[in-house]
Each structure stands twice: as C-alpha cells, then as structure tokens.
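K.L.:
Structure file target.csv, CSV, C-alpha atoms (C1' of nucleotides), is pasted below:
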```csv
chain,number,residue,atom,x,y,z
C,1,MET,CA,34.0,-4.4,-4.5
C,2,ALA,CA,32.0,-6.6,-2.3
C,3,THR,CA,31.6,-10.3,-3.2
C,4,LYS,CA,28.2,-11.9,-3.6
C,5,LYS,CA,28.5,-13.9,-0.4
C,6,GLN,CA,29.3,-10.8,1.6
C,7,ARG,CA,26.2,-9.0,0.3
C,8,VAL,CA,24.1,-12.0,1.2
C,9,ASN,CA,25.3,-12.0,4.8
C,10,ARG,CA,24.7,-8.3,5.1
C,11,HIS,CA,21.1,-8.6,4.1
C,12,SER,CA,20.5,-11.5,6.4
C,13,ARG,CA,21.9,-9.5,9.3
C,14,VAL,CA,19.7,-6.5,8.5
C,15,ARG,CA,16.7,-8.8,8.5
C,16,SER,CA,17.6,-10.3,11.9
C,17,ASP,CA,18.3,-6.9,13.3
C,18,HIS,CA,14.8,-6.0,12.5
C,19,ARG,CA,13.4,-8.8,14.5
C,20,THR,CA,15.0,-7.4,17.7
C,21,GLU,CA,14.4,-3.8,17.0
C,22,LEU,CA,10.9,-3.5,18.3
C,23,ALA,CA,11.9,-5.4,21.4
C,24,GLU,CA,14.8,-3.1,22.1
C,25,ASP,CA,12.6,0.0,21.5
C,26,TYR,CA,10.0,-1.3,23.9
C,27,VAL,CA,12.2,-2.3,26.7
C,28,GLU,CA,14.1,1.0,26.3
C,29,ALA,CA,10.8,2.9,26.5
C,30,ILE,CA,9.6,0.8,29.4
C,31,ALA,CA,12.8,1.6,31.3
C,32,ASP,CA,12.4,5.3,30.5
C,33,ILE,CA,8.8,5.3,31.8
C,34,LEU,CA,9.7,3.3,34.9
C,35,GLU,CA,12.4,5.8,35.6
C,36,ALA,CA,10.1,8.8,35.1
C,37,SER,CA,7.0,7.6,36.9
C,38,GLY,CA,7.7,4.4,38.8
C,39,THR,CA,5.2,2.2,36.9
C,40,CYS,CA,4.7,1.5,33.2
C,41,ARG,CA,1.2,0.9,31.8
C,42,ALA,CA,0.2,-0.2,28.4
C,43,VAL,CA,-1.3,3.2,27.7
C,44,ASP,CA,2.0,4.9,28.3
C,45,LEU,CA,3.6,2.8,25.6
C,46,ALA,CA,0.6,3.3,23.2
C,47,GLN,CA,1.1,7.0,23.7
C,48,GLN,CA,4.8,6.8,23.3
C,49,PHE,CA,4.8,4.8,20.1
C,50,GLN,CA,1.6,6.3,18.7
C,51,VAL,CA,0.0,2.9,18.2
C,52,SER,CA,-3.3,1.5,19.6
C,53,HIS,CA,-3.3,-0.1,23.0
C,54,VAL,CA,-4.1,-3.4,21.3
C,55,THR,CA,-0.9,-3.3,19.4
C,56,VAL,CA,1.0,-2.6,22.6
C,57,ASN,CA,-0.8,-5.5,24.2
C,58,ARG,CA,0.2,-8.0,21.7
C,59,THR,CA,3.8,-6.7,21.5
C,60,ILE,CA,4.0,-7.0,25.2
C,61,GLY,CA,2.8,-10.5,24.9
C,62,ARG,CA,5.6,-11.4,22.6
C,63,LEU,CA,8.1,-9.7,24.9
C,64,GLU,CA,6.8,-11.7,27.8
C,65,ARG,CA,7.0,-14.9,25.7
C,66,ASP,CA,10.6,-14.0,25.0
C,67,GLY,CA,11.4,-13.4,28.6
C,68,TYR,CA,11.9,-9.6,28.6
C,69,VAL,CA,8.9,-8.5,30.7
C,70,THR,CA,6.4,-9.8,33.1
C,71,THR,CA,2.7,-8.8,33.3
C,72,ALA,CA,-0.5,-9.9,34.9
C,73,PRO,CA,-4.0,-8.9,33.8
C,74,TYR,CA,-4.7,-5.2,34.6
C,75,ALA,CA,-1.3,-4.9,36.2
C,76,PRO,CA,1.6,-2.7,35.2
C,77,ILE,CA,4.5,-4.0,33.1
C,78,GLU,CA,7.8,-4.9,34.7
C,79,LEU,CA,11.1,-5.8,33.2
C,80,THR,CA,12.8,-9.1,33.8
C,81,LYS,CA,16.5,-9.2,34.4
C,82,ALA,CA,17.0,-10.0,30.7
C,83,GLY,CA,14.8,-7.1,29.8
C,84,ARG,CA,16.6,-4.8,32.2
C,85,ARG,CA,19.9,-5.8,30.6
C,86,LEU,CA,18.6,-5.3,27.1
C,87,ALA,CA,17.2,-1.9,28.1
C,88,ASP,CA,20.4,-0.8,29.6
C,89,ALA,CA,22.5,-1.9,26.6
C,90,SER,CA,20.0,-0.2,24.2
C,91,GLN,CA,20.0,3.0,26.2
C,92,GLN,CA,23.8,3.1,26.3
C,93,ARG,CA,24.1,2.5,22.6
C,94,HIS,CA,21.4,5.0,21.8
C,95,GLU,CA,23.2,7.6,23.9
C,96,ILE,CA,26.5,7.0,22.2
C,97,VAL,CA,25.0,7.3,18.7
C,98,PHE,CA,23.1,10.4,19.7
C,99,GLN,CA,26.2,12.1,21.2
C,100,PHE,CA,28.2,11.0,18.2
C,101,LEU,CA,25.8,12.7,15.8
C,102,LEU,CA,25.9,15.8,17.8
C,103,ALA,CA,29.7,15.7,17.8
C,104,LEU,CA,29.5,15.4,14.0
C,105,GLY,CA,27.7,18.7,13.9
C,106,VAL,CA,24.2,17.4,13.4
C,107,SER,CA,21.3,19.4,15.0
C,108,GLU,CA,19.7,18.0,18.1
C,109,ALA,CA,16.4,17.3,16.4
C,110,ALA,CA,18.0,15.4,13.5
C,111,ALA,CA,20.4,13.6,15.9
C,112,ALA,CA,17.4,12.5,18.1
C,113,THR,CA,15.5,11.2,15.1
C,114,ASP,CA,18.3,9.5,13.3
C,115,SER,CA,19.9,7.9,16.4
C,116,GLU,CA,16.6,6.2,17.0
C,117,GLY,CA,16.7,4.4,13.6
C,118,ILE,CA,20.5,4.0,13.4
C,119,GLU,CA,21.2,2.5,16.9
C,120,HIS,CA,19.9,-0.9,15.9
C,121,HIS,CA,22.3,-1.3,13.1
C,122,VAL,CA,25.5,-0.3,14.7
C,123,SER,CA,28.0,-3.1,15.3
C,124,PRO,CA,30.2,-3.2,18.4
C,125,GLU,CA,33.1,-2.1,16.2
C,126,THR,CA,31.4,0.9,14.8
C,127,LEU,CA,30.0,1.8,18.2
C,128,ALA,CA,33.6,1.8,19.6
C,129,ALA,CA,34.7,4.0,16.7
C,130,MET,CA,31.8,6.4,17.5
C,131,ARG,CA,32.7,6.5,21.2
C,132,LYS,CA,36.3,7.2,20.4
C,133,PHE,CA,35.3,10.1,18.1
C,134,VAL,CA,33.1,11.6,20.8
C,135,ASP,CA,35.8,11.3,23.4
C,136,SER,CA,38.4,12.9,21.2
C,137,ARG,CA,36.5,16.2,21.2
V,1,MET,CA,15.9,15.9,27.4
V,2,ALA,CA,13.5,15.2,24.6
V,3,THR,CA,9.9,16.1,25.0
V,4,LYS,CA,7.1,13.5,24.7
V,5,LYS,CA,6.0,14.8,21.4
V,6,GLN,CA,9.5,14.6,19.9
V,7,ARG,CA,9.8,11.0,21.0
V,8,VAL,CA,6.5,10.3,19.4
V,9,ASN,CA,7.5,11.7,16.1
V,10,ARG,CA,10.8,9.9,16.1
V,11,HIS,CA,9.1,6.5,16.4
V,12,SER,CA,6.6,7.3,13.8
V,13,ARG,CA,9.4,8.2,11.4
V,14,VAL,CA,11.3,5.0,12.1
V,15,ARG,CA,8.2,3.0,11.3
V,16,SER,CA,7.6,4.8,8.1
V,17,ASP,CA,11.3,4.4,7.2
V,18,HIS,CA,10.8,0.7,7.5
V,19,ARG,CA,8.1,0.6,4.9
V,20,THR,CA,10.4,2.0,2.3
V,21,GLU,CA,13.5,0.1,3.3
V,22,LEU,CA,12.8,-3.1,1.4
V,23,ALA,CA,11.8,-1.1,-1.6
V,24,GLU,CA,15.1,0.7,-1.6
V,25,ASP,CA,17.1,-2.4,-1.0
V,26,TYR,CA,15.3,-4.1,-3.9
V,27,VAL,CA,15.7,-1.3,-6.5
V,28,GLU,CA,19.3,-0.9,-5.4
V,29,ALA,CA,19.9,-4.6,-5.9
V,30,ILE,CA,18.1,-4.6,-9.2
V,31,ALA,CA,20.2,-1.7,-10.4
V,32,ASP,CA,23.4,-3.5,-9.3
V,33,ILE,CA,22.3,-6.7,-11.1
V,34,LEU,CA,21.3,-4.8,-14.3
V,35,GLU,CA,24.6,-3.1,-14.3
V,36,ALA,CA,26.5,-6.4,-13.8
V,37,SER,CA,24.6,-8.7,-16.2
V,38,GLY,CA,22.2,-6.6,-18.3
V,39,THR,CA,19.1,-8.3,-17.1
V,40,CYS,CA,17.6,-9.0,-13.7
V,41,ARG,CA,15.6,-12.1,-12.9
V,42,ALA,CA,13.7,-13.1,-9.8
V,43,VAL,CA,16.3,-15.8,-9.0
V,44,ASP,CA,19.0,-13.3,-8.9
V,45,LEU,CA,17.2,-11.4,-6.2
V,46,ALA,CA,16.3,-14.5,-4.3
V,47,GLN,CA,20.0,-15.4,-4.3
V,48,GLN,CA,21.0,-11.9,-3.3
V,49,PHE,CA,18.6,-11.6,-0.4
V,50,GLN,CA,18.7,-15.2,0.6
V,51,VAL,CA,15.0,-15.6,0.4
V,52,SER,CA,12.7,-17.9,-1.6
V,53,HIS,CA,11.7,-16.9,-5.1
V,54,VAL,CA,8.2,-16.7,-3.9
V,55,THR,CA,9.0,-14.0,-1.5
V,56,VAL,CA,10.8,-12.1,-4.3
V,57,ASN,CA,7.8,-12.6,-6.5
V,58,ARG,CA,5.4,-11.0,-4.1
V,59,THR,CA,7.8,-8.2,-3.2
V,60,ILE,CA,8.3,-7.4,-6.8
V,61,GLY,CA,4.5,-7.4,-7.1
V,62,ARG,CA,4.4,-4.7,-4.4
V,63,LEU,CA,7.1,-2.7,-6.1
V,64,GLU,CA,5.2,-2.9,-9.4
V,65,ARG,CA,2.0,-1.8,-7.6
V,66,ASP,CA,4.0,1.2,-6.2
V,67,GLY,CA,5.4,2.1,-9.6
V,68,TYR,CA,9.1,1.2,-9.1
V,69,VAL,CA,9.4,-1.7,-11.5
V,70,THR,CA,7.7,-3.3,-14.5
V,71,THR,CA,7.4,-7.0,-15.1
V,72,ALA,CA,5.6,-9.4,-17.4
V,73,PRO,CA,5.1,-13.1,-16.8
V,74,TYR,CA,8.3,-15.0,-17.2
V,75,ALA,CA,10.1,-11.8,-18.3
V,76,PRO,CA,13.0,-10.1,-16.6
V,77,ILE,CA,12.5,-7.2,-14.2
V,78,GLU,CA,13.0,-3.6,-15.3
V,79,LEU,CA,13.1,-0.4,-13.4
V,80,THR,CA,10.7,2.5,-14.0
V,81,LYS,CA,11.9,6.0,-14.0
V,82,ALA,CA,10.8,6.3,-10.4
V,83,GLY,CA,12.6,3.1,-9.6
V,84,ARG,CA,15.7,4.3,-11.3
V,85,ARG,CA,15.6,7.5,-9.3
V,86,LEU,CA,15.1,5.7,-6.1
V,87,ALA,CA,17.9,3.2,-6.9
V,88,ASP,CA,20.3,6.0,-7.8
V,89,ALA,CA,19.5,7.9,-4.6
V,90,SER,CA,19.9,4.8,-2.5
V,91,GLN,CA,23.2,3.9,-4.1
V,92,GLN,CA,24.6,7.3,-3.5
V,93,ARG,CA,23.4,7.5,0.0
V,94,HIS,CA,24.7,4.0,0.7
V,95,GLU,CA,28.1,4.9,-0.8
V,96,ILE,CA,28.4,8.0,1.4
V,97,VAL,CA,27.5,6.1,4.5
V,98,PHE,CA,30.0,3.4,3.6
V,99,GLN,CA,32.8,5.8,2.9
V,100,PHE,CA,32.0,7.7,6.1
V,101,LEU,CA,32.3,4.6,8.2
V,102,LEU,CA,35.7,3.8,6.6
V,103,ALA,CA,36.8,7.4,7.2
V,104,LEU,CA,35.8,6.9,10.8
V,105,GLY,CA,38.2,4.0,11.1
V,106,VAL,CA,35.8,1.1,10.8
V,107,SER,CA,36.9,-2.1,9.0
V,108,GLU,CA,35.7,-2.7,5.5
V,109,ALA,CA,33.6,-5.7,6.6
V,110,ALA,CA,31.9,-3.9,9.4
V,111,ALA,CA,31.4,-0.7,7.3
V,112,ALA,CA,29.8,-2.8,4.6
V,113,THR,CA,27.4,-4.5,7.0
V,114,ASP,CA,26.5,-1.5,9.0
V,115,SER,CA,26.0,0.9,6.1
V,116,GLU,CA,23.4,-1.5,4.8
V,117,GLY,CA,21.3,-1.1,7.9
V,118,ILE,CA,22.1,2.5,8.6
V,119,GLU,CA,21.6,4.1,5.2
V,120,HIS,CA,17.8,3.9,5.5
V,121,HIS,CA,17.8,6.0,8.7
V,122,VAL,CA,20.0,8.8,7.7
V,123,SER,CA,18.3,12.2,7.3
V,124,PRO,CA,19.6,14.6,4.6
V,125,GLU,CA,21.2,16.7,7.3
V,126,THR,CA,23.1,13.8,8.7
V,127,LEU,CA,24.1,12.7,5.3
V,128,ALA,CA,25.5,16.1,4.5
V,129,ALA,CA,27.5,16.0,7.7
V,130,MET,CA,28.9,12.6,6.8
V,131,ARG,CA,29.8,13.8,3.3
V,132,LYS,CA,31.6,16.8,4.8
V,133,PHE,CA,33.5,14.6,7.2
V,134,VAL,CA,34.6,12.3,4.4
V,135,ASP,CA,35.7,15.2,2.2
V,136,SER,CA,37.7,16.8,5.0
V,137,ARG,CA,40.1,13.9,5.0
Y,1,DA,C1',-21.9,3.5,47.2
Y,2,DG,C1',-22.7,4.5,42.5
Y,3,DA,C1',-21.4,6.6,38.2
Y,4,DA,C1',-18.0,8.2,35.2
Y,5,DA,C1',-13.4,7.7,33.4
Y,6,DA,C1',-9.4,5.3,32.5
Y,7,DG,C1',-7.2,1.2,31.5
Y,8,DT,C1',-7.2,-3.7,29.7
Y,9,DG,C1',-8.8,-7.6,27.3
Y,10,DT,C1',-10.8,-10.0,23.2
Y,11,DA,C1',-12.7,-10.8,18.5
Y,12,DG,C1',-11.8,-10.2,14.1
Y,13,DC,C1',-9.8,-7.8,10.2
Y,14,DA,C1',-5.7,-6.1,7.0
Y,15,DC,C1',-1.1,-6.2,5.0
Y,16,DA,C1',3.9,-7.2,4.8
Y,17,DG,C1',7.1,-10.6,4.4
Y,18,DG,C1',8.7,-15.1,5.4
Y,19,DC,C1',8.0,-20.4,4.0
Y,20,DT,C1',7.1,-25.4,1.3
Y,21,DA,C1',5.0,-27.9,-2.2
Y,22,DC,C1',3.5,-28.4,-6.5
Y,23,DA,C1',2.4,-26.8,-11.4
Y,24,DA,C1',3.5,-24.5,-15.6
Y,25,DA,C1',6.4,-22.0,-18.9
Y,26,DT,C1',10.9,-21.1,-21.1
Y,27,DG,C1',15.4,-21.9,-22.8
Y,28,DA,C1',19.2,-25.0,-23.7
Y,29,DA,C1',21.2,-29.5,-25.1
Y,30,DG,C1',20.9,-33.7,-27.2
J,1,DC,C1',11.8,-31.7,-31.7
J,2,DT,C1',11.9,-33.5,-27.5
J,3,DT,C1',13.7,-33.8,-23.1
J,4,DC,C1',15.5,-31.6,-19.1
J,5,DA,C1',17.1,-28.0,-16.2
J,6,DT,C1',15.9,-23.4,-15.0
J,7,DT,C1',12.8,-20.1,-13.9
J,8,DT,C1',8.4,-18.4,-12.8
J,9,DG,C1',3.7,-18.9,-11.1
J,10,DT,C1',0.1,-20.5,-7.6
J,11,DA,C1',-2.0,-22.4,-3.4
J,12,DG,C1',-1.9,-22.3,1.1
J,13,DC,C1',0.4,-21.7,5.5
J,14,DC,C1',2.9,-18.9,9.4
J,15,DT,C1',4.3,-14.8,12.3
J,16,DG,C1',4.6,-9.9,13.2
J,17,DT,C1',2.6,-5.6,13.5
J,18,DG,C1',-1.0,-2.5,12.6
J,19,DC,C1',-6.3,-1.4,13.1
J,20,DT,C1',-11.6,-0.8,15.0
J,21,DA,C1',-15.3,-2.2,17.8
J,22,DC,C1',-17.0,-3.8,21.8
J,23,DA,C1',-16.7,-5.9,26.6
J,24,DC,C1',-14.9,-5.9,31.0
J,25,DT,C1',-12.0,-4.2,35.2
J,26,DT,C1',-10.1,-0.7,38.0
J,27,DT,C1',-9.8,3.7,39.7
J,28,DT,C1',-11.5,8.0,40.7
J,29,DC,C1',-14.8,11.4,41.8
J,30,DT,C1',-18.9,13.0,43.6
```
Can you give me the file's structure in the form of structure tokens?
P.N.:
Amino acid sequence: MATKKQRVNRHSRVRSDHRTELAEDYVEAIADILEASGTCRAVDLAQQFQVSHVTVNRTIGRLERDGYVTTAPYAPIELTKAGRRLADASQQRHEIVFQFLLALGVSEAAAATDSEGIEHHVSPETLAAMRKFVDSR
Amino acid sequence: MATKKQRVNRHSRVRSDHRTELAEDYVEAIADILEASGTCRAVDLAQQFQVSHVTVNRTIGRLERDGYVTTAPYAPIELTKAGRRLADASQQRHEIVFQFLLALGVSEAAAATDSEGIEHHVSPETLAAMRKFVDSR
DNA sequence: AGAAAAGTGTAGCACAGGCTACAAATGAAG
DNA sequence: CTTCATTTGTAGCCTGTGCTACACTTTTCT
C-alpha cells in the first residue's frame, strides 16, 4: 500500500505534467504542420485542435513567452531550438506509446486516441519498458 | 498515417478527459479516505492533493453541483450514488493500470506515479488489453 | 487596382483551479 | 463553560484555456 507522502507526490506530478501538456501538443502539432506544408499558421492549429483562432493566438503567446516559438504579427509560426527539441522528444515518445499500444493488441483507432492522452504521463522508466516490449516482438 | 479528422477528434477527447480527471481523482480520494477513517473532511483532501483548503472547497462545490458528493456547512463530505459509482470505476481502472505497469516490469514507484496520470486516458479497449496482459502472467 | 476572402489582432466575457488573508464555527481540553 | 486548536467559510486575487464579436492586414482573384 502506498504511503501518504507517496500519494501526495504523485498528485503534484500529475498537476505539473498538465502544465506542460498543451505546450508539448502544440509544438508537436507545429512540427507536424511544418513538415507537411512548410509553414505553420494559426488557422492550421485552430483547425487541428478544434479551438478558435483566438485561443490559438494566446496559447502561442505563452509558448513564445516560454521560449518555444517565435512569431511576428501576421507572420507564420516558427519553432525555436528549445521548441524543436521539445517537439522531437514529444514525437518520439508519442510514437513509442502508439507502437506499444498496437503491440499490445489495441486497434489503430484506440491506440491513436489513447496515446495522445497517455504520452504526457509516461516516465522515462515506463517509456523504456514500452520500447523494450515493442522491440521484443 | 492519421487523417486530419482523426487528429481533431483525438484532441477533443483529451480535452474532455481533462474535465473529468479532477472529479475522478477527488471521488477516488474521498472513497479511500472514507474507507480508511470513516469520514472525509476537506482538510484530508487538502493534505492529499497538496492544495489549500480553499481550493478543495470550491472543487467540492463543483462536485456537488455535478451530483457526485453531498455536503453541508462544517459537515463531512459524502459520496452520492453516482459519486460512489465513479469512485469504484476509477479505483478499478487505476488498479488495473497499476498492475499492468508492474507486469510490464516497471518499478513500484514509477508504476504508482504513472498510473495516476495514465488512468484517465485509457479507453475501455486498452483497459481490456491491459487486463488480459496482466492475467496472462 | 479594387473587391472578396482568408488570416490575425483586440476587447471583453466565462469557468476551472490555484493562492493568501481574514472571519466564523466546531470540537476538545482545561 | 470558556478557551484554544482545528476546521470551514468568504473575499479577492492570479493564470490558463475556452468563447463571440468586431476590426484590421494580407492575399488572392477578377
């Protein structure tokens, strides 16, 4: 049985995970879009996340403040080095979780959806275990 | 490769998952505390989640509004039937995810932490696959 | 070039989920 | 029974993440 202190730390970590989740999702999406079309505009992200362009705008503002992207008025969005790094790490982790779920026998559709939510809560240790499992197939 | 529409739906689901996450964590914690000590007070939850009692108060208010708990001023917190159901389901799911991570070879500490974050993003299909994997050991 | 369409920006709103500081009620101990 | 610690409530603040409505650029098309 878990001790009280352990439970406490778990919840704190889940909360802090949440603060970086949107950032990870955004830089990941930006990287995807850049790869697919060369430039990333706010509308693309609005379409991707099914939110208004205003929401995208302000989220991008936070990402810029936090050093992940650069923007200028009416100009497309670009990733900084830190943003690029975060995007790459997220994509990799996402892919591992996705492949892992497939290897576990989950359908493509469920694996795609679940990996999106799960990826942000997977510790390096668990990620390694997942990778190992996939490789052992 | 995932289509655009699929990506869209994935993100929408992750967002809606988030809205129920705290509710699930709370009713689960309330159920735990009720089981351990018979009554659940706001302070217990504040201690558990490492947040102020004010935050607990208002979260409980939302849970009451949504029909998961009942409270009266200065009285302990109780679960409604719906709350009980949600807590039971969450506990079960949590336990399966936890056992699954252990079966995968992850340490107890990491399994405890990660299952806390992961449980809210596991579809019934994936949960079934996890259960099957645990049972096959 | 001028008009229409597409994309961005801004103002102002809502709710969730954090907080501190202070006030009031409740329960336990003297 | 009164005091004191614990617990709960309230006021008021912040940030994040969502929205609509309206204004302004930029791009595209004729």
K.L.:
What residues in chain Y lie within 9 Å of chain C, counting all atoms listed in the file, written as a list in words?
P.N.:
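Here is what falls inside 9 Å: DG7, DT8 and DG9 of chain Y.
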K.L.:
If I take CA of Thr113 in chain V and CA of Glu95 in chain C, how far is one from the other in Å, to one decimal?
P.N.:
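Here the two named atoms are 21.2 Å from each other.
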K.L.:
Can you list every residue of chain J that has an atom at most 12 Å from chain V, with its nearest atom pair and the distance in Å to one decimal, using all atoms listed in the file, ordered by chain then number, as JSON lines?
P.N.:
```
{"residue": "J:DT6", "atom": "C1'", "partner": "V:Val43", "partner_atom": "CA", "distance": 9.7}
{"residue": "J:DT7", "atom": "C1'", "partner": "V:Val43", "partner_atom": "CA", "distance": 7.4}
{"residue": "J:DT8", "atom": "C1'", "partner": "V:Tyr74", "partner_atom": "CA", "distance": 5.6}
{"residue": "J:DG9", "atom": "C1'", "partner": "V:Pro73", "partner_atom": "CA", "distance": 8.3}
{"residue": "J:DT10", "atom": "C1'", "partner": "V:Val54", "partner_atom": "CA", "distance": 9.7}
{"residue": "J:DA11", "atom": "C1'", "partner": "V:Val54", "partner_atom": "CA", "distance": 11.7}
{"residue": "J:DT17", "atom": "C1'", "partner": "V:Arg15", "partner_atom": "CA", "distance": 10.5}
{"residue": "J:DG18", "atom": "C1'", "partner": "V:Arg15", "partner_atom": "CA", "distance": 10.8}
```
K.L.:
Please check the contacts: residues of chain C at most 6 Å away from chain V, using all atoms listed in the file, listed as a ChimeraX atom specification.
P.N.:
/C:8,10-11,14,48-49,113-114,117-118,121-122,126
K.L.:
In Å, how far is it from C1' of DT2 in chain J to CA of Asp44 in chain V?
P.N.:
28.4 Å
K.L.:
Calculate how many Å separate CA of Phe98 in chain C from CA of Val97 in chain V, rounding to one decimal.
P.N.:
16.4 Å
K.L.:
With distances taken over all atoms listed in the file, which residue among Y:DC15, Y:DC22, Y:DA6, Y:DA1 lies nearest DG12 in chain J?
P.N.:
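Among the listed residues, Y:DC22 lies closest to DG12 in chain J.
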K.L.:
Considering only C-alpha atoms, state which residue in the set C:Leu45, C:Val56, C:Gly67, C:Glu35 is at the smallest distance from Leu86 in chain C.
P.N.:
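Residue with the minimum atom-to-atom distance to Leu86 in chain C: C:Gly67.
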K.L.:
With only C-alpha atoms (C1' of nucleotides) as the counted atoms, please give the residues lying no more than 12 Å from DG30 in chain Y, apart from itself and same-chain residues fewer than 5 positions off, as number ranges by chain.
P.N.:
J: 1-4
K.L.:
Near Cys40 in chain V, within 8 Å and counting all atoms listed in the file, which residues show up once chain neighbours fewer than 3 positions away are dropped, as a PDB file with C-alpha atoms, in the coordinates of the input?
P.N.:
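The resulting file, out_13.pdb, is reproduced below:
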```
ATOM      1  CA  ILE V  30      18.100  -4.600  -9.200  1.00  0.00           C
ATOM      2  CA  ILE V  33      22.300  -6.700 -11.100  1.00  0.00           C
ATOM      3  CA  LEU V  34      21.300  -4.800 -14.300  1.00  0.00           C
ATOM      4  CA  SER V  37      24.600  -8.700 -16.200  1.00  0.00           C
ATOM      5  CA  ASP V  44      19.000 -13.300  -8.900  1.00  0.00           C
ATOM      6  CA  LEU V  45      17.200 -11.400  -6.200  1.00  0.00           C
ATOM      7  CA  PRO V  76      13.000 -10.100 -16.600  1.00  0.00           C
ATOM      8  CA  ILE V  77      12.500  -7.200 -14.200  1.00  0.00           C
ATOM      9  CA  GLU V  78      13.000  -3.600 -15.300  1.00  0.00           C
TER      10      GLU V  78
END
```
